[in-house]
Amino acid sequence: MESDGLIIRRNHGWDFAAWATALASLPGLWRAKSLILTNDSVYGPTSTQKLKNVVDQFLEGDSDIFALTDSYENRHHMMSYFIGLKNEGLRSTTIQNYWKNVNSYKDKNHVIHQYELSTHDHYLNSNLRTEVAFPSKRYNAGENPTLHQWRDLLTRGFPFIKVQALRDTLPGVDVSGWESALKKFPELVDAIERHLKSITSRQISLNPARPIPAGLKRYSVPSNLINDIGAVTAVRPSDATDYVLELPFGFEAAVNQLPDRVAVIAHIYYADLASELMAEFEKIPVAADLFISTDSDEKKRELLRILEHYRNGSVTVDVFPNVGRDIAPMLVGFKEVFERYEYFLHVHSKKSPYGSAHEGWREYLLDNILGTEENIRSILYLLKNANTGIVFADHFPGIRNLLNWGYNYTNAKSLLSRAGIKLDSSFVLEFPSSSFFWGRSKALKPLLDLELGWADFPSEEGQYDGTLAHAIERSVLYFCESVGLAWSKVGVAKHVAADRLVPVFSADELDSCAKRTSQALLGNEIRRANYFDKYGEVVPVLGRRDLNAKIRFNLVLPTIKPEETYGGISTALKIFRAICEKMEVDVDFRIIVTHSPVDMHASMNFPDYCVVSPDSPYDHMGKTIVNVFDRRSTRSIGIRAGDIFMTTAWWTDKYAEKILKLQRAFFGLSQPKLYFVQDFEVGFYPWSTRFALAGSTYNNLTDGIALINSEELAQFMIGRGMMAEGYVVRYSMNDTLRHAITARPKERILLFYGRPSASRNCFELICMAIASWQRRNPELSTKWRIVSAGEAYDPELAKPIVSAEVQGKLSLNDYARLLSEASVGVSLMISPHPSYPPFEMAAAGLVTVTNDYENKKMSLRSDNFISLDYLDVDVLTDAIEEAVAKAEANIGKTFPLGGIHDLSCDLSDFDPSVIASRLLEITKDRITGFRA
């Protein structure tokens, strides 16, 4: 069976939660001509013609909601295993709200009672037309017709039979002779019998559910930097989500898809293990030249004797100083091997004399990275055909609780810094424990370039930790990542629990499977959740290298929820879409939402986008939405070399700066940033941490382009010494709002912009001034409606205003009607940005009271403004009184929609074509230069 797409999600919530996930993730489904929601609770179809008949009945009928069967069990309802929606069934807000509120419940009966039994009520309450293909009125009340009357349904042309009927022993359900009832469909009978045989103790005998990453619990973060014995602790993958690529892969790689020859670098201190190791080396399916090190001539002679029968390649045995364990012989003694061979294996004769808890460690490692020719073939295919630099075995169970930095962090940090790599103890620690691993020589090049010598390694004194060799062991994957290569951890079912194994069934799946089992270490700081609690604007950033070569234009927004989308976010989306339209065809687009969940109502405004989780390996689609709102999450977002970011506020800019830092770590380059500056956000805060963080974003504009929202703000930023390529975004009324404002007779309505949550809008001052005006004019004020729009809040907050109507955040059509009818507007903004509400009020013909700020002179924008140099209660009350007096002469009159005057500005006007061209030009130049 072929499909256009697949959603992978945690197996929770049964079919209703799965459907709700699909409807939220693929909002374009609501604009489909028809939609069928079905599940796997039936066997069939008995024939493609019978299935076509019922689908045609659905598509050609007049119904909005279609079901195959209904039932009177419990109460009358349409059975949910096959539901079709079309026409008003897809457009109904009642139905959309119903699906928005579906929650994920574990208990099946709860799901049935909460959702399946209630859907019929929603359909009826929505006045939707319903149709049931095989209605159950002819059957007994309280029966489930698909179970109790399955034979009769088949004779009526019903193309399915319920799995539950044949699988379970149910009271009153007679399934004897079902094979005869389906004798005309032998292929279906065979398929059903195979499935029933696979069921043991009423459980399907498949492997346990393969892992789907649990982002909230993916890492174990220590509470202390140093443990009780003075060792440096480490951030580690949690045991439950420490995923491993399963060996062997589910496909066989051809010989020409493998390396022609590999080097095997083995330090054999214990010569009695040479035969065991040679047996493993002989399983390598390509030529494998052995480079063996030991510490004495006597051992060398013994090793040459044992290895004289090796036939899979050449054999070199050298005696080296007994320092640096197996690491120094590899990096110093056999350094030139890495110049001659592209691929290598490193092992040693491990005996683990430290205690019985480690017994079997060597055998475990060999089984997982050698073991069989099929295993090795899979590893070699991975190294040659994926962007993989190191492949190592899953950790031996006996040492999992000991995986930390130990006494090696300082040495590792110093070593990495010599190669220009910055280490932080908040990075995840992963490494090939005991240094058994396959690799590409390129992965170790930064380490080899350090030119380590024998003298750098301490004398052998039986150290179990704290040496340079131990530090190198823990640093290998950081070196690997620094050259742009990933790493993979592998294991076999014999040693690794099935729920941690990720199988690779085909070559096409290899890349996505590899992404699920590894994470980028460099640059990814894993912090405890409470680190971000104090400053909610600061969002943790975790990234992973995405090798997709396509350029992607990203918009970083706090929210896309309709109820939270005010003028600034609406304008950012408008600008983003305008630039997207001017981008080349072969560019992807992504919206990253940082500070609010993305629910179904939010995603429905983006029908051509798909909602994907941050760590999804399937985020290659052309238009995606990623939600990084959950600060507890440790899911990593994909970062490409060609990712360009547009930011919209200081906190989204901080997020993007961290991503750009990771981009530099992953690819050695970062792309220009497009910063849409919508206000001087430093002024939102007193002198404080937030004041400093907001201000710092204006210092990061040298490598990017600034779009400044309004001429006033642009001139203000220029006066502050802004150093960036900049363009001014001039005011333009929202298209929907502009068309919805009509010339209605003006009424005695005083409209004020009420947003208690935004202190710069001076909500309290407006309320005090309006109340003061009412007290000054008790008779006149009773003739006027006082309406607050902008944000929903408790009307008690608007006191001492008498009879204030709090309408909250209005739809654009409702807002347009209010603007068309109101006569006086009050909207304040203590900042250099003029803001949109006063412009909208003045353009709609309201006598509008607002304020100036430094170079902002609102009277230059419209004759309908009464603009104040400074604000206090008396000054604002006087202005409201003046506005009402002017407006009294306009009551009953109609006014056409007016305009807002443009101002001169030192910056060029925003042109989406220019910005698109500049961003693509810079991005392509940097990628080309990096590759060169």
# chains A, B, ... in the order shown; residues from 1 in each chain; ligands from 1
call {"tool": "select_by_dssp", "arguments": {"residues": "segment 513-696 of chain A", "states": "strand (DSSP E or B)", "output": "compact mmCIF listing (two decimals) with N, CA, C and O atoms, in the first residue's frame"}}
result
# COMPACT_ATOMS: atom_id res chain seq x y z
N GLY A 543 20.15 22.15 18.79
CA GLY A 543 20.15 21.99 17.34
C GLY A 543 20.81 20.71 16.91
O GLY A 543 21.58 20.10 17.65
N ARG A 544 20.49 20.30 15.71
CA ARG A 544 21.15 19.15 15.09
C ARG A 544 21.47 19.50 13.65
O ARG A 544 20.76 20.27 13.00
N ARG A 545 22.54 18.97 13.16
CA ARG A 545 23.00 19.26 11.80
C ARG A 545 22.04 18.65 10.79
O ARG A 545 21.72 17.46 10.85
N ILE A 551 18.29 26.02 0.53
CA ILE A 551 18.19 27.20 1.38
C ILE A 551 16.81 27.21 2.02
O ILE A 551 15.82 26.82 1.41
N ARG A 552 16.75 27.65 3.28
CA ARG A 552 15.46 27.73 3.97
C ARG A 552 15.35 29.09 4.67
O ARG A 552 16.26 29.51 5.36
N PHE A 553 14.24 29.74 4.47
CA PHE A 553 13.96 31.04 5.08
C PHE A 553 13.05 30.81 6.28
O PHE A 553 11.96 30.27 6.16
N ASN A 554 13.53 31.20 7.48
CA ASN A 554 12.84 30.92 8.73
C ASN A 554 12.31 32.21 9.36
O ASN A 554 13.02 33.22 9.43
N LEU A 555 11.09 32.15 9.85
CA LEU A 555 10.51 33.23 10.63
C LEU A 555 10.41 32.77 12.08
O LEU A 555 9.81 31.73 12.36
N VAL A 556 11.00 33.53 13.00
CA VAL A 556 10.94 33.19 14.43
C VAL A 556 9.91 34.11 15.08
O VAL A 556 10.10 35.33 15.13
N LEU A 557 8.82 33.53 15.56
CA LEU A 557 7.69 34.28 16.12
C LEU A 557 7.38 33.80 17.53
O LEU A 557 7.51 32.61 17.83
N VAL A 587 13.38 27.11 -2.62
CA VAL A 587 13.68 27.56 -1.26
C VAL A 587 12.58 27.03 -0.34
O VAL A 587 11.41 27.09 -0.67
N ASP A 588 12.98 26.51 0.82
CA ASP A 588 12.02 26.04 1.81
C ASP A 588 11.70 27.16 2.79
O ASP A 588 12.47 28.12 2.93
N PHE A 589 10.59 27.00 3.50
CA PHE A 589 10.15 28.01 4.47
C PHE A 589 9.75 27.33 5.76
O PHE A 589 9.15 26.25 5.75
N ARG A 590 10.09 27.97 6.87
CA ARG A 590 9.76 27.41 8.19
C ARG A 590 9.40 28.52 9.15
O ARG A 590 10.03 29.59 9.15
N ILE A 591 8.38 28.29 9.95
CA ILE A 591 8.00 29.21 11.03
C ILE A 591 8.32 28.53 12.35
O ILE A 591 7.85 27.42 12.63
N ILE A 592 9.14 29.17 13.17
CA ILE A 592 9.52 28.63 14.47
C ILE A 592 8.78 29.43 15.53
O ILE A 592 8.94 30.65 15.63
N VAL A 593 7.95 28.75 16.31
CA VAL A 593 7.12 29.41 17.33
C VAL A 593 7.76 29.15 18.69
O VAL A 593 7.94 28.00 19.10
N CYS A 610 2.94 22.37 7.23
CA CYS A 610 2.79 21.18 8.05
C CYS A 610 3.46 21.44 9.40
O CYS A 610 4.54 22.02 9.46
N VAL A 611 2.82 21.01 10.47
CA VAL A 611 3.38 21.16 11.81
C VAL A 611 4.20 19.91 12.13
O VAL A 611 3.69 18.80 12.07
N VAL A 612 5.49 20.10 12.43
CA VAL A 612 6.36 18.97 12.75
C VAL A 612 7.01 19.23 14.10
O VAL A 612 7.17 20.37 14.53
N LYS A 623 7.28 23.58 3.51
CA LYS A 623 6.74 24.59 4.42
C LYS A 623 6.37 23.90 5.73
O LYS A 623 5.48 23.05 5.75
N THR A 624 7.04 24.28 6.80
CA THR A 624 6.79 23.63 8.09
C THR A 624 6.64 24.66 9.20
O THR A 624 7.13 25.79 9.10
N ILE A 625 5.97 24.24 10.25
CA ILE A 625 5.86 25.00 11.49
C ILE A 625 6.45 24.13 12.60
O ILE A 625 6.09 22.96 12.73
N VAL A 626 7.37 24.70 13.38
CA VAL A 626 8.00 23.97 14.48
C VAL A 626 7.73 24.75 15.77
O VAL A 626 7.96 25.96 15.82
N ASN A 627 7.26 24.05 16.78
CA ASN A 627 6.96 24.69 18.06
C ASN A 627 8.03 24.31 19.08
O ASN A 627 8.21 23.13 19.39
N ILE A 637 16.31 21.09 17.13
CA ILE A 637 15.77 21.57 15.87
C ILE A 637 16.81 21.45 14.78
O ILE A 637 18.00 21.66 15.00
N GLY A 638 16.37 21.08 13.59
CA GLY A 638 17.29 20.93 12.47
C GLY A 638 17.85 22.27 12.00
O GLY A 638 17.12 23.25 11.89
N ILE A 639 19.15 22.30 11.73
CA ILE A 639 19.82 23.52 11.27
C ILE A 639 20.61 23.18 10.01
O ILE A 639 21.44 22.27 10.00
N ASP A 643 20.25 27.96 6.22
CA ASP A 643 19.13 28.51 7.00
C ASP A 643 19.33 30.01 7.22
O ASP A 643 20.37 30.45 7.73
N ILE A 644 18.33 30.80 6.84
CA ILE A 644 18.30 32.24 7.08
C ILE A 644 17.17 32.50 8.08
O ILE A 644 16.09 31.93 7.95
N PHE A 645 17.41 33.40 9.04
CA PHE A 645 16.42 33.63 10.08
C PHE A 645 15.95 35.08 10.09
O PHE A 645 16.75 36.02 10.03
N MET A 646 14.63 35.22 10.16
CA MET A 646 14.01 36.53 10.35
C MET A 646 13.46 36.56 11.77
O MET A 646 12.66 35.72 12.16
N THR A 647 13.90 37.55 12.55
CA THR A 647 13.47 37.66 13.94
C THR A 647 12.55 38.87 14.11
O THR A 647 12.56 39.79 13.29
N LYS A 673 21.22 37.59 9.22
CA LYS A 673 19.96 37.62 9.96
C LYS A 673 19.13 38.81 9.47
O LYS A 673 19.66 39.89 9.21
N LEU A 674 17.84 38.60 9.36
CA LEU A 674 16.92 39.68 9.03
C LEU A 674 16.15 40.01 10.31
O LEU A 674 15.36 39.21 10.79
N TYR A 675 16.41 41.19 10.87
CA TYR A 675 15.81 41.57 12.15
C TYR A 675 14.73 42.62 11.88
O TYR A 675 15.02 43.74 11.46
N PHE A 676 13.49 42.23 12.12
CA PHE A 676 12.37 43.15 11.98
C PHE A 676 12.20 43.88 13.32
O PHE A 676 11.63 43.35 14.27
N VAL A 677 12.74 45.09 13.39
CA VAL A 677 12.72 45.88 14.63
C VAL A 677 11.39 46.63 14.68
O VAL A 677 11.14 47.54 13.88
call {"tool": "residues_around", "arguments": {"residues": "Gln774 of chain A", "least_positions_apart": "2", "cutoff": "10 Å", "atoms": "only C-alpha atoms", "output": "PyMOL selection string"}}
result
chain A and resi 768-772+776-782+784+800-802+877+881
call {"tool": "residues_around", "arguments": {"residues": "Glu73 of chain A", "least_positions_apart": "3", "cutoff": "6 Å", "atoms": "only C-alpha atoms", "output": "PyMOL selection string"}}
result
chain A and resi 142-144
call {"tool": "write_last_selection", "arguments": {"atoms": "N, CA, C and O atoms", "output": "short mmCIF file (atom, residue, chain, number, x, y, z; two decimals), in the first residue's frame"}}
result
data_model
loop_
_atom_site.label_atom_id
_atom_site.label_comp_id
_atom_site.auth_asym_id
_atom_site.auth_seq_id
_atom_site.Cartn_x
_atom_site.Cartn_y
_atom_site.Cartn_z
N GLY A 142 -29.07 -1.86 21.45
CA GLY A 142 -28.04 -2.30 22.38
C GLY A 142 -27.00 -3.19 21.74
O GLY A 142 -26.00 -3.53 22.37
N GLU A 143 -27.22 -3.60 20.48
CA GLU A 143 -26.25 -4.44 19.79
C GLU A 143 -25.30 -3.58 18.94
O GLU A 143 -25.70 -2.55 18.41
N ASN A 144 -24.09 -4.09 18.83
CA ASN A 144 -23.14 -3.50 17.90
C ASN A 144 -23.26 -4.28 16.59
O ASN A 144 -22.88 -5.45 16.53
#
call {"tool": "closest_residue", "arguments": {"among": "A:Asn312, A:Phe691, A:Gly567, A:Leu876", "to": "Pro837 of chain A", "atoms": "only C-alpha atoms"}}
result
A:Gly567
call {"tool": "select_by_dssp", "arguments": {"residues": "segment 80-180 of chain A", "states": "helix (DSSP H, G or I)", "output": "NGL selection string"}}
result
:A and (88-91 or 93-100 or 108-125 or 145-148 or 150-155 or 163-167 or 178-180)
call {"tool": "write_last_selection", "arguments": {"atoms": "C-alpha atoms", "output": "mmCIF file, in the first residue's frame"}}
result
data_model
loop_
_atom_site.group_PDB
_atom_site.id
_atom_site.type_symbol
_atom_site.label_atom_id
_atom_site.label_comp_id
_atom_site.auth_asym_id
_atom_site.auth_seq_id
_atom_site.Cartn_x
_atom_site.Cartn_y
_atom_site.Cartn_z
ATOM 1 C CA GLU A 88 -19.943 21.939 5.672
ATOM 2 C CA GLY A 89 -18.539 19.012 7.621
ATOM 3 C CA LEU A 90 -15.077 20.438 6.967
ATOM 4 C CA ARG A 91 -16.046 24.104 7.226
ATOM 5 C CA THR A 93 -16.528 25.830 13.296
ATOM 6 C CA THR A 94 -18.412 23.539 15.685
ATOM 7 C CA ILE A 95 -16.717 20.494 14.195
ATOM 8 C CA GLN A 96 -13.357 22.242 14.128
ATOM 9 C CA ASN A 97 -13.727 23.248 17.779
ATOM 10 C CA TYR A 98 -14.702 19.696 18.642
ATOM 11 C CA TRP A 99 -11.489 18.317 17.159
ATOM 12 C CA LYS A 100 -9.424 21.087 18.678
ATOM 13 C CA LYS A 108 -10.144 2.940 25.404
ATOM 14 C CA ASN A 109 -13.551 2.984 27.083
ATOM 15 C CA HIS A 110 -12.984 6.569 28.174
ATOM 16 C CA VAL A 111 -12.181 7.518 24.582
ATOM 17 C CA ILE A 112 -15.349 5.779 23.347
ATOM 18 C CA HIS A 113 -17.614 7.529 25.858
ATOM 19 C CA GLN A 114 -15.876 10.891 25.660
ATOM 20 C CA TYR A 115 -15.627 11.100 21.876
ATOM 21 C CA GLU A 116 -17.225 8.365 19.771
ATOM 22 C CA LEU A 117 -20.572 8.489 21.560
ATOM 23 C CA SER A 118 -20.627 12.289 21.587
ATOM 24 C CA THR A 119 -19.751 12.995 17.964
ATOM 25 C CA HIS A 120 -23.320 12.425 16.790
ATOM 26 C CA ASP A 121 -24.535 15.161 19.147
ATOM 27 C CA HIS A 122 -22.033 17.596 17.662
ATOM 28 C CA TYR A 123 -23.136 16.729 14.148
ATOM 29 C CA LEU A 124 -26.786 17.284 15.015
ATOM 30 C CA ASN A 125 -26.089 20.509 16.922
ATOM 31 C CA PRO A 145 -24.084 -4.447 14.328
ATOM 32 C CA THR A 146 -20.478 -4.907 13.193
ATOM 33 C CA LEU A 147 -20.132 -7.641 15.836
ATOM 34 C CA HIS A 148 -23.563 -9.172 16.277
ATOM 35 C CA TRP A 150 -21.634 -9.131 10.701
ATOM 36 C CA ARG A 151 -23.058 -11.813 8.394
ATOM 37 C CA ASP A 152 -26.043 -9.702 7.422
ATOM 38 C CA LEU A 153 -23.801 -6.688 6.826
ATOM 39 C CA LEU A 154 -21.647 -8.733 4.440
ATOM 40 C CA THR A 155 -24.703 -9.805 2.441
ATOM 41 C CA VAL A 163 -11.084 -7.581 13.851
ATOM 42 C CA GLN A 164 -12.608 -7.767 17.319
ATOM 43 C CA ALA A 165 -15.300 -10.174 16.095
ATOM 44 C CA LEU A 166 -12.750 -12.766 14.965
ATOM 45 C CA ARG A 167 -10.017 -12.056 17.478
ATOM 46 C CA TRP A 178 -16.534 -17.020 8.901
ATOM 47 C CA GLU A 179 -14.165 -18.602 6.394
ATOM 48 C CA SER A 180 -17.141 -19.879 4.385
#
call {"tool": "closest_residue", "arguments": {"among": "A:Met733, A:Val875, A:Ala887, A:Val504", "to": "Leu245 of chain A", "atoms": "only C-alpha atoms"}}
result
A:Val504
call {"tool": "closest_residue", "arguments": {"among": "A:Val826, A:Ala234, A:Ala274, A:Ile741", "to": "Phe763 of chain A", "atoms": "only C-alpha atoms"}}
result
A:Val826
call {"tool": "atom_distance", "arguments": {"atom1": "atom CA of Val490 of chain A", "atom2": "atom CA of Val244 of chain A"}}
result
5.1 Å
call {"tool": "closest_residue", "arguments": {"among": "A:Ser835, A:Ser71, A:Thr736, A:Ser696", "to": "Glu711 of chain A", "atoms": "only C-alpha atoms"}}
result
A:Ser835
call {"tool": "residues_around", "arguments": {"residues": "Ala789 of chain A", "least_positions_apart": "5", "cutoff": "12 Å", "atoms": "only C-alpha atoms", "output": "ChimeraX atom specification"}}
result
/A:566,750-756,763,795,798,804-812,814-816,818-819,822,825-827,837,841
call {"tool": "residues_around", "arguments": {"residues": "Lys582 of chain A", "least_positions_apart": "2", "cutoff": "9 Å", "atoms": "only C-alpha atoms", "output": "JSON, numbers by chain"}}
result
{"A": [577, 578, 579, 580, 584, 585, 912, 913, 914, 915, 916, 917]}
call {"tool": "write_last_selection", "arguments": {"atoms": "C-alpha atoms", "output": "mmCIF file, in the first residue's frame"}}
result
data_model
loop_
_atom_site.group_PDB
_atom_site.id
_atom_site.type_symbol
_atom_site.label_atom_id
_atom_site.label_comp_id
_atom_site.auth_asym_id
_atom_site.auth_seq_id
_atom_site.Cartn_x
_atom_site.Cartn_y
_atom_site.Cartn_z
ATOM 1 C CA ARG A 577 4.990 36.113 3.204
ATOM 2 C CA ALA A 578 5.863 39.001 0.897
ATOM 3 C CA ILE A 579 9.550 38.008 0.952
ATOM 4 C CA CYS A 580 8.674 34.326 0.490
ATOM 5 C CA GLU A 584 13.246 31.398 -5.766
ATOM 6 C CA VAL A 585 11.161 28.295 -6.277
ATOM 7 C CA PRO A 912 10.397 42.371 -0.662
ATOM 8 C CA SER A 913 12.138 41.724 -3.992
ATOM 9 C CA VAL A 914 15.244 43.591 -2.866
ATOM 10 C CA ILE A 915 15.358 41.828 0.511
ATOM 11 C CA ALA A 916 14.806 38.394 -1.038
ATOM 12 C CA SER A 917 17.590 38.993 -3.557
#
call {"tool": "closest_residue", "arguments": {"among": "A:Pro171, A:Gly491, A:Gly250, A:Gly44", "to": "Ala507 of chain A", "atoms": "only C-alpha atoms"}}
result
A:Gly250
call {"tool": "closest_residue", "arguments": {"among": "A:Ile83, A:Ile7, A:Ala843, A:Thr697", "to": "Leu35 of chain A", "atoms": "only C-alpha atoms"}}
result
A:Ile83
call {"tool": "residues_around", "arguments": {"residues": "Tyr409 of chain A", "least_positions_apart": "5", "cutoff": "8 Å", "atoms": "only C-alpha atoms", "output": "list in words"}}
result
Val232, Ser425 and Ala471 of chain A
